[in-house]
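Chemist: I have a structure here, written as structure tokens, and I will follow up with some questions on it.
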Protein chains: 2
Amino acid sequence: MDRVRLGIAGLGNMGTLHVNSVRAGKISRLELAAICDANLARREQFPGIPSFATADAMIASGLIDALLIATPHYSHTPLGIAGLKAGLHVLVEKPISVHKADCERLIAAHQDERQVFAAMFNQRTDPAYRRIRALVQDGGLGEIRRVNWIITNWYRTAAYYASSGWRATWEGEGGGVLLNQCPHNLDLLQWMLGLPVRVRAFCQFGRYHDIEVEDDVTAYLEFANGATGVFIASTGEAPGTSRLEITAEGGRIVYERDELRFARNAVPMSAFSRSSPQPFAQPECAETVEPVPDHGGQHNEILQNFADAVLEGRPLIAPAREGIRSVELANAMLLSAWLDQTVDLPLDGARFERLLRQRARKSPRAQRVITAAAAVDLAKSFNR
Amino acid sequence: MDRVRLGIAGLGNMGTLHVNSVRAGKISRLELAAICDANLARREQFPGIPSFATADAMIASGLIDALLIATPHYSHTPLGIAGLKAGLHVLVEKPISVHKADCERLIAAHQDERQVFAAMFNQRTDPAYRRIRALVQDGGLGEIRRVNWIITNWYRTAAYYASSGWRATWEGEGGGVLLNQCPHNLDLLQWMLGLPVRVRAFCQFGRYHDIEVEDDVTAYLEFANGATGVFIASTGEAPGTSRLEITAEGGRIVYERDELRFARNAVPMSAFSRSSPQPFAQPECAETVEPVPDHGGQHNEILQNFADAVLEGRPLIAPAREGIRSVELANAMLLSAWLDQTVDLPLDGARFERLLRQRARKSPRAQRVITAAAAVDLAKSFNR
């Protein structure tokens, strides 16, 4: 095999973006072989490409080697399972599923290691996050003590939420900012620092928009080593903030406004505290500022990595099985807010699914007025 | 009266600083008339100034018109009451008392409005905080939505905590970073934004030091208008962070690294969300950066304001009665952590006092080893 025949399921914002990238030849050895969407008008935007009304028909067509899933969240699980069972390689948009139990079902369907199964965590290609992860994981920073991530530049208008019937409902989407926008951040958080062991979240539901799901979150985290954290996200704030701060014994990293700012202690802070005779002294500290000139290959780098994994066995940047972690963290935040309690991880996935279904049954989805959105400039939606 | 004869009670770090400022003539029309401290060696550092072993003796001496209280926290209440009852003007170091019930007792003793009763909230003299407060209070920012204050540059060594027997014990000090370092920040927070109505705090006790009180705090706040907040403080982190972010409908203020950064929305963010036809658009926003060239007159400005208030009736920068607010907020954070629950304000002061006393009775104070601290450079202790 010298090229991968890709079928793209779902021609919404993301699916359309990927169709255009692959059609434009931006991904070496990846060929757009088929598309599917229930909506005829969407399919007709791409004449000349074999198209199907259902993913099942596309999967059964024999036209594709690999399936890219860019449909609404709940369908990631059944489509992913169908693709894997048909022997296809699968690349799934984030989140890999809506909730932990569905993630487990999806991951369990990946029985054959020869099938590549990847997730679209494109922000893992950002050199800044790669750098931070390397610094954390090679131990150069010393023990991690605190993380603070304010990621409130996911601003969305009322028109955004009115653009599709499934959006921002328990029944159709399964969550709000935590499920739709934050999977990237939650994935990066666990990718850099591991999962916390305890979460206490304060979610506000429909704070800024006329929606039933959360559009504003403040979460407190505790990690196994005692490190603490705060994660703040919102789709209501403009201009919004994107600022990640990690404090460790050896210093501090701040990533904000396309700069990485490192403070390095000459002596680890706790060791200095124990040994200094001075009440108000502190360790010598050198600060350096590194510009972050670009944000990496993003979606196209993930697509290329997927094709390379299929053709050459190249290791994946984001194996789909790791996608359960950001979902579990998002679920834990919602559960904590619903229960008004601290939630321990690992999460009870069955309990979460049950409580989510209770909410989905009450979704006033049928009453929503769906309006055609104005022309979409999706580049504005990819925050870092 | 053309000058104020001041008596300073307590010759620890802060009292000594104030003695030196007043002796050096830095405060117009304020004269150092007497000092008191139970420790003879401390008194003997200042020959030629009438000195007393007890504050009661100094108060009764007839030598002073005004009393500055810079003794350990618990004694602020009885000394303040004694000074007020003796008809003196009183300036009390922060916190005005250890807990809300003591604050109420102290404030109740201020019966005669002709007596000036002020608190040492020197950070209210910082032009940056004054500017932010004015912007918030004149409504120019629109409705406040979120505040995030990371104030972890209160680094203290083990030597600091070992320098006095009363420090960092429930019995001797009544709290840790919230009572000793953060009163400034908690006062500024309520001065700028008002008190929250609900607090959920996660305090760690002796996380970085061998002490029984809190040296690390993460608190979630909710305000009456629905605004949310996070307050993070620590005496264990070096280099530590000082970053205040306030998000409002009209934009955002960030105060960090001696810069005020304003983002102003052309249209309030929620109004834009409701009216825009674009799913990913956001309001036009202009950002300006203002350097903060200095931090105001600080302690000496408060001392001067106190003297001017006594001599000319000048309005106080920090009336002592406002000092109850930062104490109530600190108490609420401790109570939330003790109970592992959300705490509503107004706080039940009697309940807090009872729970604090339970802890004080178990204080292992007698077992602590007190070491003489190395020469103190107190300038390093005043963070902004």
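By convention here, the chains of the structure tokens are called A, B, ... in the order presented, each chain's residues are numbered starting at 1, and ligands are numbered starting at 1 in the order presented.
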At most 8 Å is the cut-off: for each residue in chain A with any atom that close to an atom of chain B, write down the nearest atom pair and the distance in Å rounded to one decimal, counting only C-alpha atoms, chain first then increasing number, as a Markdown table.

Modeler:
| residue | atom | partner | partner_atom | distance |
| --- | --- | --- | --- | --- |
| A:Tyr155 | CA | B:Gln282 | CA | 7.0 |
| A:Arg156 | CA | B:Phe280 | CA | 5.8 |
| A:Thr157 | CA | B:Ser273 | CA | 4.2 |
| A:Ala158 | CA | B:Arg274 | CA | 5.4 |
| A:Ala159 | CA | B:Pro279 | CA | 5.0 |
| A:Tyr160 | CA | B:Pro279 | CA | 3.8 |
| A:Tyr161 | CA | B:Pro279 | CA | 7.6 |
| A:Ser163 | CA | B:Pro279 | CA | 7.7 |
| A:Tyr208 | CA | B:Ser270 | CA | 6.7 |
| A:Thr218 | CA | B:Tyr220 | CA | 8.0 |
| A:Tyr220 | CA | B:Thr218 | CA | 8.0 |
| A:Gly236 | CA | B:Ser270 | CA | 7.0 |
| A:Glu237 | CA | B:Met269 | CA | 6.5 |
| A:Ala238 | CA | B:Met269 | CA | 5.7 |
| A:Pro239 | CA | B:Cys285 | CA | 6.9 |
| A:Thr247 | CA | B:Glu237 | CA | 7.8 |
| A:Glu249 | CA | B:Glu237 | CA | 7.9 |
| A:Gly251 | CA | B:Ala238 | CA | 7.0 |
| A:Arg252 | CA | B:Pro239 | CA | 7.8 |
| A:Ala263 | CA | B:Pro239 | CA | 7.4 |
| A:Asn265 | CA | B:Ala238 | CA | 7.6 |
| A:Met269 | CA | B:Ala238 | CA | 5.7 |
| A:Ser270 | CA | B:Tyr208 | CA | 6.7 |
| A:Phe272 | CA | B:Thr157 | CA | 7.5 |
| A:Ser273 | CA | B:Thr157 | CA | 4.2 |
| A:Arg274 | CA | B:Ala158 | CA | 5.4 |
| A:Ser275 | CA | B:Ala158 | CA | 7.7 |
| A:Ser276 | CA | B:Thr157 | CA | 6.8 |
| A:Pro277 | CA | B:Ala159 | CA | 5.6 |
| A:Gln278 | CA | B:Ala374 | CA | 5.5 |
| A:Pro279 | CA | B:Tyr160 | CA | 3.8 |
| A:Phe280 | CA | B:Arg156 | CA | 5.8 |
| A:Ala281 | CA | B:Thr157 | CA | 7.2 |
| A:Gln282 | CA | B:Ala238 | CA | 6.7 |
| A:Pro283 | CA | B:Ala238 | CA | 7.0 |
| A:Cys285 | CA | B:Pro239 | CA | 6.9 |
| A:Ala373 | CA | B:Gln278 | CA | 6.7 |
| A:Ala374 | CA | B:Gln278 | CA | 5.4 |
| A:Ala375 | CA | B:Gln278 | CA | 7.3 |
| A:Val376 | CA | B:Pro279 | CA | 6.9 |
| A:Asp377 | CA | B:Phe280 | CA | 6.9 |
| A:Leu378 | CA | B:Phe280 | CA | 7.1 |
| A:Lys380 | CA | B:Phe280 | CA | 6.1 |
| A:Ser381 | CA | B:Phe280 | CA | 6.2 |

Chemist: Can you list, as JSON, numbers by chain, every protein, DNA or RNA residue that comes within 12 Å of Cys36 in chain B when you count only C-alpha atoms, leaving out same-chain residues fewer than 3 positions away?

Modeler: {"B": [6, 7, 8, 9, 10, 11, 12, 15, 16, 19, 32, 33, 39, 40, 41, 42, 43, 44, 45, 46, 49, 50, 51, 52, 53, 54, 55, 56, 57, 58, 59, 61, 64, 67, 68, 69, 70, 71, 79]}

Chemist: Please identify which residues in range 211-334 of chain B DSSP calls strand (DSSP E) from the backbone, and express them as a VMD selection string.

Modeler: chain B and resid 214 to 222 228 to 234 242 to 248 251 to 256 259 to 265 285 to 291

Chemist: When DSSP works through the backbone of this structure, what residues of range 52-257 of chain A end up as alpha helix (DSSP H), shown as a ChimeraX atom specification?

Modeler: /A:55-60,76-85,100-108,127-137,158-161,177-180,183-193

Chemist: Using only C-alpha atoms for the distances, tell me which of A:His89, A:Arg29, A:Arg133, A:Arg198 is nearest to Ser336 in chain A.

Modeler: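 Comparing A:His89, A:Arg29, A:Arg133, A:Arg198 against Ser336 in chain A, the winner is A:Arg198.
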
Chemist: Taking 5 positions as the minimum chain separation for residues in the same chain, which residues sit within 7 Å of Ala318 in chain A when counting only C-alpha atoms? Answer as a tab-separated table (two decimals) with C-alpha atoms, in the first residue's frame.

Modeler:
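Result saved to out.tsv:
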chain	number	residue	atom	x	y	z
A	118	ALA	CA	-5.78	7.82	16.43
A	119	ALA	CA	-7.44	10.92	17.88
A	121	PHE	CA	-5.51	16.13	19.46

Chemist: Hey, which of A:Leu335, A:Leu345, A:Ala66, A:Met192 ends up closest to Leu135 in chain A? Count only C-alpha atoms.

Modeler: A:Met192

Chemist: Counting only C-alpha atoms, what is within 9 Å of range 170-173 of chain B, bar same-chain residues fewer than 4 positions away, as a tab-separated table (two decimals) with all heavy atoms, in the first residue's frame?

Modeler:
chain	number	residue	atom	x	y	z
B	72	PRO	N	1.66	40.90	68.40
B	72	PRO	CA	1.06	39.71	67.79
B	72	PRO	C	-0.46	39.84	67.67
B	72	PRO	O	-1.10	40.55	68.46
B	72	PRO	CB	1.49	38.59	68.73
B	72	PRO	CG	2.82	39.05	69.25
B	72	PRO	CD	2.65	40.54	69.44
B	73	HIS	N	-1.02	39.13	66.69
B	73	HIS	CA	-2.39	39.41	66.24
B	73	HIS	C	-3.45	39.36	67.32
B	73	HIS	O	-4.34	40.20	67.37
B	73	HIS	CB	-2.78	38.43	65.13
B	73	HIS	CG	-1.83	38.42	63.98
B	73	HIS	ND1	-1.74	37.40	63.08
B	73	HIS	CD2	-0.90	39.32	63.58
B	73	HIS	CE1	-0.82	37.66	62.18
B	73	HIS	NE2	-0.29	38.81	62.46
B	74	TYR	N	-3.40	38.31	68.15
B	74	TYR	CA	-4.49	38.16	69.14
B	74	TYR	C	-4.60	39.38	70.05
B	74	TYR	O	-5.68	39.71	70.54
B	74	TYR	CB	-4.28	36.91	70.00
B	74	TYR	CG	-4.80	35.63	69.39
B	74	TYR	CD1	-3.92	34.65	68.95
B	74	TYR	CD2	-6.17	35.37	69.31
B	74	TYR	CE1	-4.38	33.46	68.42
B	74	TYR	CE2	-6.64	34.18	68.79
B	74	TYR	CZ	-5.74	33.22	68.34
B	74	TYR	OH	-6.21	32.04	67.83
B	98	VAL	N	-7.86	38.59	64.96
B	98	VAL	CA	-7.64	37.26	64.38
B	98	VAL	C	-8.92	36.70	63.76
B	98	VAL	O	-8.86	35.98	62.77
B	98	VAL	CB	-7.11	36.29	65.46
B	98	VAL	CG1	-7.15	34.86	64.99
B	98	VAL	CG2	-5.69	36.69	65.86
B	165	GLY	N	7.90	32.63	68.79
B	165	GLY	CA	7.10	31.54	69.31
B	165	GLY	C	5.64	31.61	68.90
B	165	GLY	O	4.96	30.59	68.79
B	166	TRP	N	5.12	32.82	68.66
B	166	TRP	CA	3.69	32.96	68.37
B	166	TRP	C	3.37	32.64	66.91
B	166	TRP	O	2.24	32.35	66.57
B	166	TRP	CB	3.22	34.37	68.71
B	166	TRP	CG	3.91	35.48	67.97
B	166	TRP	CD1	5.14	35.98	68.21
B	166	TRP	CD2	3.41	36.20	66.84
B	166	TRP	NE1	5.45	36.97	67.32
B	166	TRP	CE2	4.40	37.14	66.45
B	166	TRP	CE3	2.21	36.15	66.10
B	166	TRP	CZ2	4.23	38.01	65.38
B	166	TRP	CZ3	2.06	37.03	65.04
B	166	TRP	CH2	3.06	37.95	64.68
B	179	LEU	N	-3.80	34.88	57.52
B	179	LEU	CA	-3.86	35.85	58.61
B	179	LEU	C	-2.67	36.79	58.62
B	179	LEU	O	-2.76	37.92	59.07
B	179	LEU	CB	-3.90	35.11	59.96
B	179	LEU	CG	-5.24	35.04	60.65
B	179	LEU	CD1	-5.58	36.37	61.32
B	179	LEU	CD2	-6.34	34.67	59.68
B	180	ASN	N	-1.55	36.30	58.15
B	180	ASN	CA	-0.33	37.11	58.28
B	180	ASN	C	0.02	37.86	57.00
B	180	ASN	O	0.25	39.07	57.03
B	180	ASN	CB	0.83	36.20	58.69
B	180	ASN	CG	2.04	37.02	59.10
B	180	ASN	OD1	2.52	37.85	58.34
B	180	ASN	ND2	2.54	36.81	60.30
B	212	GLU	N	1.63	24.19	61.91
B	212	GLU	CA	0.31	23.58	61.99
B	212	GLU	C	-0.75	24.34	61.20
B	212	GLU	O	-1.84	23.83	60.94
B	212	GLU	CB	-0.13	23.43	63.45
B	212	GLU	CG	-0.28	24.77	64.17
B	212	GLU	CD	-0.62	24.59	65.65
B	212	GLU	OE1	-0.86	23.46	66.08
B	212	GLU	OE2	-0.62	25.62	66.36
B	213	VAL	N	-0.44	25.58	60.83
B	213	VAL	CA	-1.43	26.42	60.14
B	213	VAL	C	-1.24	26.34	58.63
B	213	VAL	O	-0.30	25.71	58.13
B	213	VAL	CB	-1.34	27.88	60.64
B	213	VAL	CG1	-1.68	27.96	62.12
B	213	VAL	CG2	0.04	28.45	60.35
B	356	LEU	N	-11.78	27.65	66.16
B	356	LEU	CA	-10.39	28.11	66.26
B	356	LEU	C	-9.83	27.81	67.65
B	356	LEU	O	-8.70	27.34	67.80
B	356	LEU	CB	-10.32	29.61	65.96
B	356	LEU	CG	-8.95	30.26	66.12
B	356	LEU	CD1	-7.93	29.65	65.15
B	356	LEU	CD2	-9.05	31.78	65.89
B	357	ARG	N	-10.66	28.05	68.68
B	357	ARG	CA	-10.20	27.79	70.06
B	357	ARG	C	-9.91	26.31	70.28
B	357	ARG	O	-8.98	25.96	71.00
B	357	ARG	CB	-11.24	28.27	71.06
B	357	ARG	CG	-11.20	29.77	71.21
B	357	ARG	CD	-11.98	30.23	72.42
B	357	ARG	NE	-11.79	31.66	72.62
B	357	ARG	CZ	-12.57	32.42	73.36
B	357	ARG	NH1	-13.59	31.88	74.01
B	357	ARG	NH2	-12.33	33.70	73.51
B	359	ARG	N	-8.73	24.32	68.12
B	359	ARG	CA	-7.40	24.07	67.55
B	359	ARG	C	-6.30	24.69	68.41
B	359	ARG	O	-5.23	24.12	68.57
B	359	ARG	CB	-7.36	24.61	66.13
B	359	ARG	CG	-8.01	23.65	65.16
B	359	ARG	CD	-8.31	24.24	63.82
B	359	ARG	NE	-8.91	23.19	62.99
B	359	ARG	CZ	-10.18	22.78	63.11
B	359	ARG	NH1	-10.98	23.33	64.01
B	359	ARG	NH2	-10.64	21.81	62.35
B	360	ALA	N	-6.58	25.87	68.94
B	360	ALA	CA	-5.57	26.56	69.75
B	360	ALA	C	-5.22	25.74	70.99
B	360	ALA	O	-4.06	25.70	71.42
B	360	ALA	CB	-6.06	27.95	70.14
B	361	ARG	N	-6.23	25.07	71.56
B	361	ARG	CA	-5.98	24.29	72.77
B	361	ARG	C	-5.03	23.13	72.50
B	361	ARG	O	-4.34	22.67	73.40
B	361	ARG	CB	-7.30	23.75	73.35
B	361	ARG	CG	-8.02	24.76	74.22
B	361	ARG	CD	-9.11	24.10	75.06
B	361	ARG	NE	-10.18	23.55	74.26
B	361	ARG	CZ	-11.24	24.24	73.83
B	361	ARG	NH1	-11.38	25.51	74.15
B	361	ARG	NH2	-12.18	23.66	73.11
B	362	LYS	N	-5.02	22.68	71.26
B	362	LYS	CA	-4.14	21.55	70.92
B	362	LYS	C	-2.81	22.01	70.34
B	362	LYS	O	-2.00	21.18	69.92
B	362	LYS	CB	-4.84	20.65	69.89
B	362	LYS	CG	-6.09	19.98	70.42
B	362	LYS	CD	-6.72	19.13	69.32
B	362	LYS	CE	-8.18	18.81	69.64
B	362	LYS	NZ	-8.94	18.52	68.43
B	363	SER	N	-2.58	23.32	70.27
B	363	SER	CA	-1.33	23.82	69.67
B	363	SER	C	-0.11	23.27	70.39
B	363	SER	O	-0.02	23.37	71.61
B	363	SER	CB	-1.29	25.36	69.76
B	363	SER	OG	-1.86	25.97	68.65
B	364	PRO	N	0.81	22.72	69.66
B	364	PRO	CA	2.04	22.20	70.29
B	364	PRO	C	3.06	23.32	70.47
B	364	PRO	O	4.24	23.14	70.29
B	364	PRO	CB	2.52	21.17	69.27
B	364	PRO	CG	2.06	21.71	67.95
B	364	PRO	CD	0.81	22.50	68.21
B	365	ARG	N	2.56	24.49	70.88
B	365	ARG	CA	3.40	25.67	70.91
B	365	ARG	C	4.60	25.49	71.82
B	365	ARG	O	5.72	25.89	71.50
B	365	ARG	CB	2.56	26.84	71.41
B	365	ARG	CG	3.24	28.17	71.29
B	365	ARG	CD	2.34	29.23	71.92
B	365	ARG	NE	2.95	30.54	71.81
B	365	ARG	CZ	2.47	31.61	72.39
B	365	ARG	NH1	1.38	31.54	73.12
B	365	ARG	NH2	3.08	32.77	72.25

Chemist: A:Phe223, A:Arg351, A:Arg131, A:Thr235: which is nearest Glu290 in chain A, counting only C-alpha atoms?

Modeler: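 For Glu290 in chain A, the nearest of the given residues is A:Arg131.
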
Chemist: Considering only C-alpha atoms, state which residue in the set A:Ile96, A:Ala60, A:Ile107, A:Leu178 is at the smallest distance from Ile81 in chain A.

Modeler: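 Selected residue with least distance to Ile81 in chain A: A:Ile107.
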